[in-house]
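> This one is upload-v4.cif, mmCIF, C-alpha atoms.
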```
data_final
loop_
_atom_site.label_atom_id
_atom_site.label_comp_id
_atom_site.auth_asym_id
_atom_site.auth_seq_id
_atom_site.Cartn_x
_atom_site.Cartn_y
_atom_site.Cartn_z
CA MET A 1 0.00 0.00 0.00
CA SER A 2 1.43 3.34 -1.00
CA LYS A 3 1.98 5.96 1.66
CA ILE A 4 2.31 8.73 -0.92
CA ARG A 5 -0.31 11.41 -0.41
CA THR A 6 -0.73 14.71 -2.27
CA SER A 7 -2.84 16.01 0.61
CA TYR A 8 -2.71 15.26 4.33
CA TYR A 9 -6.49 14.93 4.56
CA SER A 10 -8.63 12.38 2.74
CA HIS A 11 -11.42 13.48 0.40
CA ARG A 12 -13.98 12.26 2.92
CA ASP A 13 -12.47 14.55 5.58
CA LYS A 14 -12.44 17.47 3.15
CA VAL A 15 -16.09 16.99 2.26
CA VAL A 16 -17.17 16.82 5.89
CA ALA A 17 -15.08 19.88 6.82
CA SER A 18 -16.46 21.86 3.87
CA GLN A 19 -20.04 20.99 4.75
CA GLU A 20 -19.46 22.04 8.36
CA LEU A 21 -17.88 25.30 7.18
CA ILE A 22 -20.97 26.16 5.13
CA LEU A 23 -23.28 25.45 8.08
CA ARG A 24 -21.23 27.66 10.40
CA ILE A 25 -21.13 30.53 7.89
CA LYS A 26 -24.90 30.35 7.54
CA GLU A 27 -25.35 30.35 11.30
CA LYS A 28 -22.97 33.24 11.98
CA TRP A 29 -23.46 35.49 8.96
CA SER A 30 -26.96 34.71 7.77
CA ASP A 31 -27.72 38.46 7.45
CA ASP A 32 -24.51 39.28 5.57
CA PRO A 33 -25.19 39.47 1.80
CA ALA A 34 -21.50 39.15 0.93
CA MET A 35 -21.06 35.97 2.99
CA MET A 36 -24.28 34.50 1.64
CA TYR A 37 -23.03 35.18 -1.89
CA ILE A 38 -19.84 33.27 -1.08
CA VAL A 39 -21.98 30.42 0.27
CA SER A 40 -23.99 30.37 -2.96
CA LEU A 41 -20.73 29.89 -4.88
CA LEU A 42 -19.32 27.26 -2.52
CA GLU A 43 -22.38 25.07 -2.06
CA PRO A 44 -22.52 23.69 -5.64
CA VAL A 45 -18.80 22.90 -5.50
CA ILE A 46 -19.09 21.15 -2.14
CA GLN A 47 -22.15 19.24 -3.35
CA ARG A 48 -20.18 18.10 -6.38
CA MET A 49 -17.35 16.98 -4.09
CA ALA A 50 -19.78 15.04 -1.90
CA GLU A 51 -21.31 13.29 -4.90
CA GLY A 52 -17.95 12.58 -6.51
CA PHE A 53 -16.13 11.35 -3.42
CA GLY A 54 -18.94 9.68 -1.52
CA GLY A 55 -17.71 6.17 -2.07
CA VAL A 56 -17.32 3.36 0.42
CA ASP A 57 -14.87 4.23 3.18
CA THR A 58 -12.08 1.67 2.87
CA GLY A 59 -10.16 3.11 5.79
CA PRO A 60 -11.51 0.83 8.56
CA ALA A 61 -10.87 -2.30 6.49
CA THR A 62 -7.32 -1.19 5.79
CA VAL A 63 -6.71 -0.46 9.47
CA ALA A 64 -8.08 -3.90 10.36
CA VAL A 65 -5.58 -5.52 7.97
CA ARG A 66 -2.71 -3.51 9.42
CA ASN A 67 -3.70 -4.48 12.96
CA ALA A 68 -3.94 -8.13 11.94
CA GLU A 69 -0.56 -7.91 10.23
CA GLU A 70 0.99 -6.47 13.40
CA ALA A 71 -0.58 -9.24 15.50
CA ARG A 72 0.79 -11.85 13.08
CA ASP A 73 4.28 -10.35 13.29
CA ASN A 74 4.09 -10.23 17.08
CA ALA A 75 3.03 -13.89 17.23
CA CYS A 76 6.14 -14.84 15.24
CA ARG A 77 8.34 -12.69 17.45
CA ALA A 78 6.81 -14.20 20.58
CA ILE A 79 7.63 -17.80 19.70
CA HIS A 80 11.04 -16.73 18.38
CA TYR A 81 12.02 -15.09 21.68
CA PHE A 82 10.45 -17.89 23.68
CA LEU A 83 12.58 -20.50 21.91
CA LYS A 84 15.67 -18.30 22.26
CA SER A 85 15.02 -18.01 25.98
CA ARG A 86 14.83 -21.80 26.26
CA LEU A 87 18.13 -22.13 24.42
CA LEU A 88 19.79 -19.59 26.72
CA SER A 89 18.47 -21.10 29.94
CA ALA A 90 20.59 -23.70 31.69
CA ALA A 91 17.52 -24.59 33.71
CA HIS A 92 15.91 -25.81 30.48
CA SER A 93 18.81 -27.79 29.12
CA ASP A 94 16.56 -30.83 28.82
CA CYS A 95 14.67 -29.13 25.97
CA TRP A 96 17.61 -27.50 24.18
CA GLU A 97 17.54 -29.99 21.32
CA ALA A 98 13.80 -29.64 20.78
CA ALA A 99 13.99 -25.84 20.98
CA ALA A 100 16.87 -25.78 18.50
CA GLN A 101 14.92 -27.91 16.02
CA LEU A 102 11.87 -25.67 16.27
CA HIS A 103 13.93 -22.51 15.99
CA GLU A 104 15.68 -23.89 12.91
CA VAL A 105 12.28 -24.19 11.24
CA LEU A 106 11.06 -20.78 12.39
CA ALA A 107 14.06 -18.54 11.90
CA PRO A 108 17.28 -20.22 10.76
CA GLU A 109 18.54 -16.86 9.50
CA GLY A 110 16.52 -14.55 11.73
CA LEU A 111 13.05 -13.06 11.41
CA ASP A 112 13.64 -10.76 8.45
CA TRP A 113 11.09 -12.76 6.48
CA ILE A 114 8.25 -11.15 8.45
CA LEU A 115 9.10 -7.93 6.60
CA ASP A 116 8.33 -9.52 3.24
CA THR A 117 5.18 -8.82 1.23
CA PHE A 118 1.84 -10.06 2.55
CA ALA A 119 1.81 -12.95 0.08
CA ALA A 120 5.41 -14.00 0.72
CA GLN A 121 4.98 -13.88 4.48
CA THR A 122 1.74 -15.85 4.27
CA LEU A 123 3.45 -18.54 2.20
CA ARG A 124 6.37 -18.73 4.62
CA THR A 125 4.05 -18.88 7.64
CA HIS A 126 2.06 -21.75 6.14
CA GLN A 127 5.29 -23.62 5.42
CA ILE A 128 6.45 -23.17 9.01
CA LEU A 129 3.11 -24.19 10.49
CA ALA A 130 3.07 -27.27 8.25
CA ARG A 131 6.48 -28.26 9.64
CA PHE A 132 5.34 -27.52 13.18
CA SER A 133 2.34 -29.81 12.69
CA GLU A 134 4.84 -32.68 12.33
CA MET A 135 6.82 -31.67 15.42
CA GLY A 136 4.33 -32.33 18.20
CA PRO A 137 6.87 -33.97 20.56
CA GLN A 138 9.31 -31.05 20.26
CA ILE A 139 6.54 -28.51 20.83
CA GLU A 140 5.33 -30.32 23.94
CA LYS A 141 8.89 -30.77 25.21
CA CYS A 142 9.44 -27.00 25.05
CA GLN A 143 5.94 -26.19 26.26
CA ALA A 144 5.54 -24.04 23.15
CA ARG A 145 2.02 -25.12 22.20
CA VAL A 146 0.42 -21.81 23.23
CA PHE A 147 2.84 -19.91 20.99
CA VAL A 148 2.20 -22.16 18.00
CA ASP A 149 -1.56 -21.81 18.50
CA GLN A 150 -1.11 -18.04 18.64
CA MET A 151 0.69 -18.12 15.30
CA ILE A 152 -2.10 -20.20 13.77
CA ALA A 153 -4.82 -17.89 15.08
CA ALA A 154 -2.98 -14.72 14.03
CA GLN A 155 -2.42 -16.02 10.51
CA ALA A 156 -6.07 -17.03 10.17
CA THR A 157 -7.24 -13.60 11.37
CA PHE A 158 -4.90 -11.84 8.96
CA GLU A 159 -6.17 -13.84 6.01
CA GLN A 160 -9.78 -13.18 7.02
CA LYS A 161 -9.27 -9.40 7.33
CA ASN A 162 -7.29 -9.29 4.10
CA ALA A 163 -10.06 -11.16 2.27
CA GLU A 164 -12.72 -8.88 3.72
CA ARG A 165 -10.87 -5.81 2.51
CA GLY A 166 -10.19 -7.26 -0.92
CA ALA A 167 -7.33 -6.52 -3.28
CA VAL A 168 -5.73 -3.07 -3.27
CA VAL A 169 -5.30 -1.74 -6.81
CA ALA A 170 -3.71 1.59 -7.77
CA LEU A 171 -4.67 3.37 -11.00
CA CYS A 172 -1.66 5.37 -12.19
CA GLY A 173 -0.97 7.32 -15.33
CA PRO A 174 -0.39 10.77 -16.90
CA ALA A 175 -2.94 13.59 -16.72
CA ASN A 176 -6.12 13.04 -18.75
CA ALA A 177 -5.30 9.38 -19.35
CA GLY A 178 -8.78 8.39 -18.17
CA LYS A 179 -8.01 7.23 -14.63
CA SER A 180 -11.08 8.85 -13.10
CA SER A 181 -13.35 7.47 -15.80
CA LEU A 182 -11.88 3.99 -15.36
CA LEU A 183 -12.31 4.17 -11.57
CA ASN A 184 -15.96 5.17 -11.93
CA ARG A 185 -16.53 2.36 -14.42
CA LEU A 186 -14.89 -0.23 -12.16
CA VAL A 187 -16.88 0.68 -9.02
CA GLY A 188 -20.11 1.36 -10.92
CA ASP A 189 -20.61 4.88 -9.58
CA GLU A 190 -19.36 8.44 -9.92
CA ARG A 191 -16.62 8.34 -7.31
CA ALA A 192 -14.23 10.70 -9.11
CA ILE A 193 -14.97 13.93 -10.96
CA VAL A 194 -14.43 13.58 -14.70
CA ASP A 195 -13.44 16.76 -16.51
CA PRO A 196 -11.56 17.52 -19.75
CA ASP A 197 -9.26 19.93 -17.90
CA PRO A 198 -6.02 18.19 -16.86
CA GLY A 199 -5.37 17.88 -13.13
CA THR A 200 -9.01 17.96 -11.99
CA THR A 201 -8.38 14.97 -9.73
CA ARG A 202 -5.25 15.82 -7.76
CA ASP A 203 -5.64 13.86 -4.54
CA VAL A 204 -5.75 10.16 -3.78
CA ILE A 205 -9.29 8.77 -4.14
CA GLU A 206 -10.23 5.51 -2.46
CA ALA A 207 -13.28 3.46 -3.42
CA ALA A 208 -14.47 -0.10 -2.97
CA GLY A 209 -16.15 -2.26 -5.58
CA GLU A 210 -16.70 -5.78 -6.81
CA ILE A 211 -15.49 -7.03 -10.16
CA GLY A 212 -16.76 -10.21 -11.74
#
```
For the file at hand, write its structure as structure tokens.


Amino acid sequence: MSKIRTSYYSHRDKVVASQELILRIKEKWSDDPAMMYIVSLLEPVIQRMAEGFGGVDTGPATVAVRNAEEARDNACRAIHYFLKSRLLSAAHSDCWEAAAQLHEVLAPEGLDWILDTFAAQTLRTHQILARFSEMGPQIEKCQARVFVDQMIAAQATFEQKNAERGAVVALCGPANAGKSSLLNRLVGDERAIVDPDPGTTRDVIEAAGEIG
């Protein structure tokens, strides 16, 4: 997901702020002809913004995926540090071999793999959990079952939230290439303003839709 933004505030925030501004102007300067004239100019523009950018708010779904991703990463870190603690503890020398075998599966070269793409990390996690499913005695020897179960649950939650959000697709291209028109066509509604003047749509627009 790109973190590049041409404006700090989302279109949804801008629309809400603009609508509130109009209401406050009307309340405070209802008897001022000059201010009411300004309102008459602003209202059609704000209405156009509301109609053009009133799509489904994808923010909560994206936040849910990020939270699930963080929980998945933390589950991997938890079992990693747990196994390391077993290997460093003389009081647990009886499970050193089992802990070493589990750690070799989890992180033979460290945990850098949890920084990979969603798909790559998911594939690696499934591979590890498949190996763990064959290592019941080692898991019980180290008393690591709760950590393995946490990994399983975190991965399942991540996949669920990712599926609920759907795929993230970016439409990129030069000015007047038809990005806004294509977005509206894909989501089946007028989410972006379409205008022959280049640069009409300057900010990031988010919308949700189903294809197929």

> Calculated over all atoms listed in the file, which of the candidates A:Leu183, A:Leu41, A:Ala34, A:Ala64 has the smallest distance to Lys161 (chain A)?

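Of all the options, A:Ala64 lies closest to Lys161 (chain A).
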
> Quick one: residues within 7 Å of Ala75 (chain A), all atoms listed in the file, excluding same-chain residues fewer than 4 positions away - as an NGL selection string?

:A and (71 or 79 or 150-151 or 154)

> Emit the selected residues as a short mmCIF file (atom, residue, chain, number, x, y, z; two decimals), keeping the file's coordinate frame, including C-alpha atoms.


```
data_model
loop_
_atom_site.label_atom_id
_atom_site.label_comp_id
_atom_site.auth_asym_id
_atom_site.auth_seq_id
_atom_site.Cartn_x
_atom_site.Cartn_y
_atom_site.Cartn_z
CA ALA A 71 -0.58 -9.24 15.50
CA ILE A 79 7.63 -17.80 19.70
CA GLN A 150 -1.11 -18.04 18.64
CA MET A 151 0.69 -18.12 15.30
CA ALA A 154 -2.98 -14.72 14.03
#
```

> May I ask which of the residues A:Ala167, A:Val65, A:Ala17, A:Ala144 is the closest one to Cys95 (chain A), counting all atoms listed in the file?

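So, comparing all the options, the nearest one is A:Ala144.
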
> Could you write out as a PyMOL selection string the residues that the PyMOL selection byres ((chain A and resi 86) around 12) matches in the shown file?

chain A and resi 79-85+87-103+139+141-144

> One number please: CA of Ala170 (chain A) to CA of Thr125 (chain A), in Å, one decimal.

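Interatomic distance, CA of Ala170 (chain A) to CA of Thr125 (chain A): 26.8 Å.
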
> Would you please work out which residue, of A:Ala175, A:Leu186, A:Val168, A:Val45, is nearest to Ala61 (chain A) when using only C-alpha atoms?

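Of all the options, A:Val168 lies closest to Ala61 (chain A).
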
> Please, what distance in Å, to one decimal, runs between CA of Phe158 (chain A) and CA of Pro60 (chain A)?

14.3 Å

> Calculated over only C-alpha atoms, which of the candidates A:Leu23, A:Val15, A:Val39, A:Leu129 has the smallest distance to Cys76 (chain A)?

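Checking each of A:Leu23, A:Val15, A:Val39, A:Leu129 against Cys76 (chain A), counting only C-alpha atoms, the winner is A:Leu129.
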
> Report, in Å with one decimal, the straight-line distance from CA of Arg165 (chain A) to CA of Asp73 (chain A).

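So the answer is 19.1 Å.
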
> Closest to Arg48 (chain A) among A:Gln19, A:Pro33, A:Val169, A:Gly188, using only C-alpha atoms?

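That would be A:Gln19, the residue with the smallest distance to Arg48 (chain A).
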
> Kindly provide, as lines of an AutoDock Vina configuration file, the centre and edge lengths (Å, one decimal) of an axis-aligned box around all atoms of region 74-91 of chain A given in the file, with 5 Å on each side.


```
center_x = 11.8
center_y = -17.4
center_z = 24.5
size_x = 27.6
size_y = 24.4
size_z = 28.5
```

> Just want the 8 Å neighbourhood of region 105-108 of chain A, counted on all atoms listed in the file, with same-chain residues fewer than 6 positions away dropped. Output as a list in words.

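Everything that qualifies: His80, Ile128, Arg131 and Phe132 of chain A.
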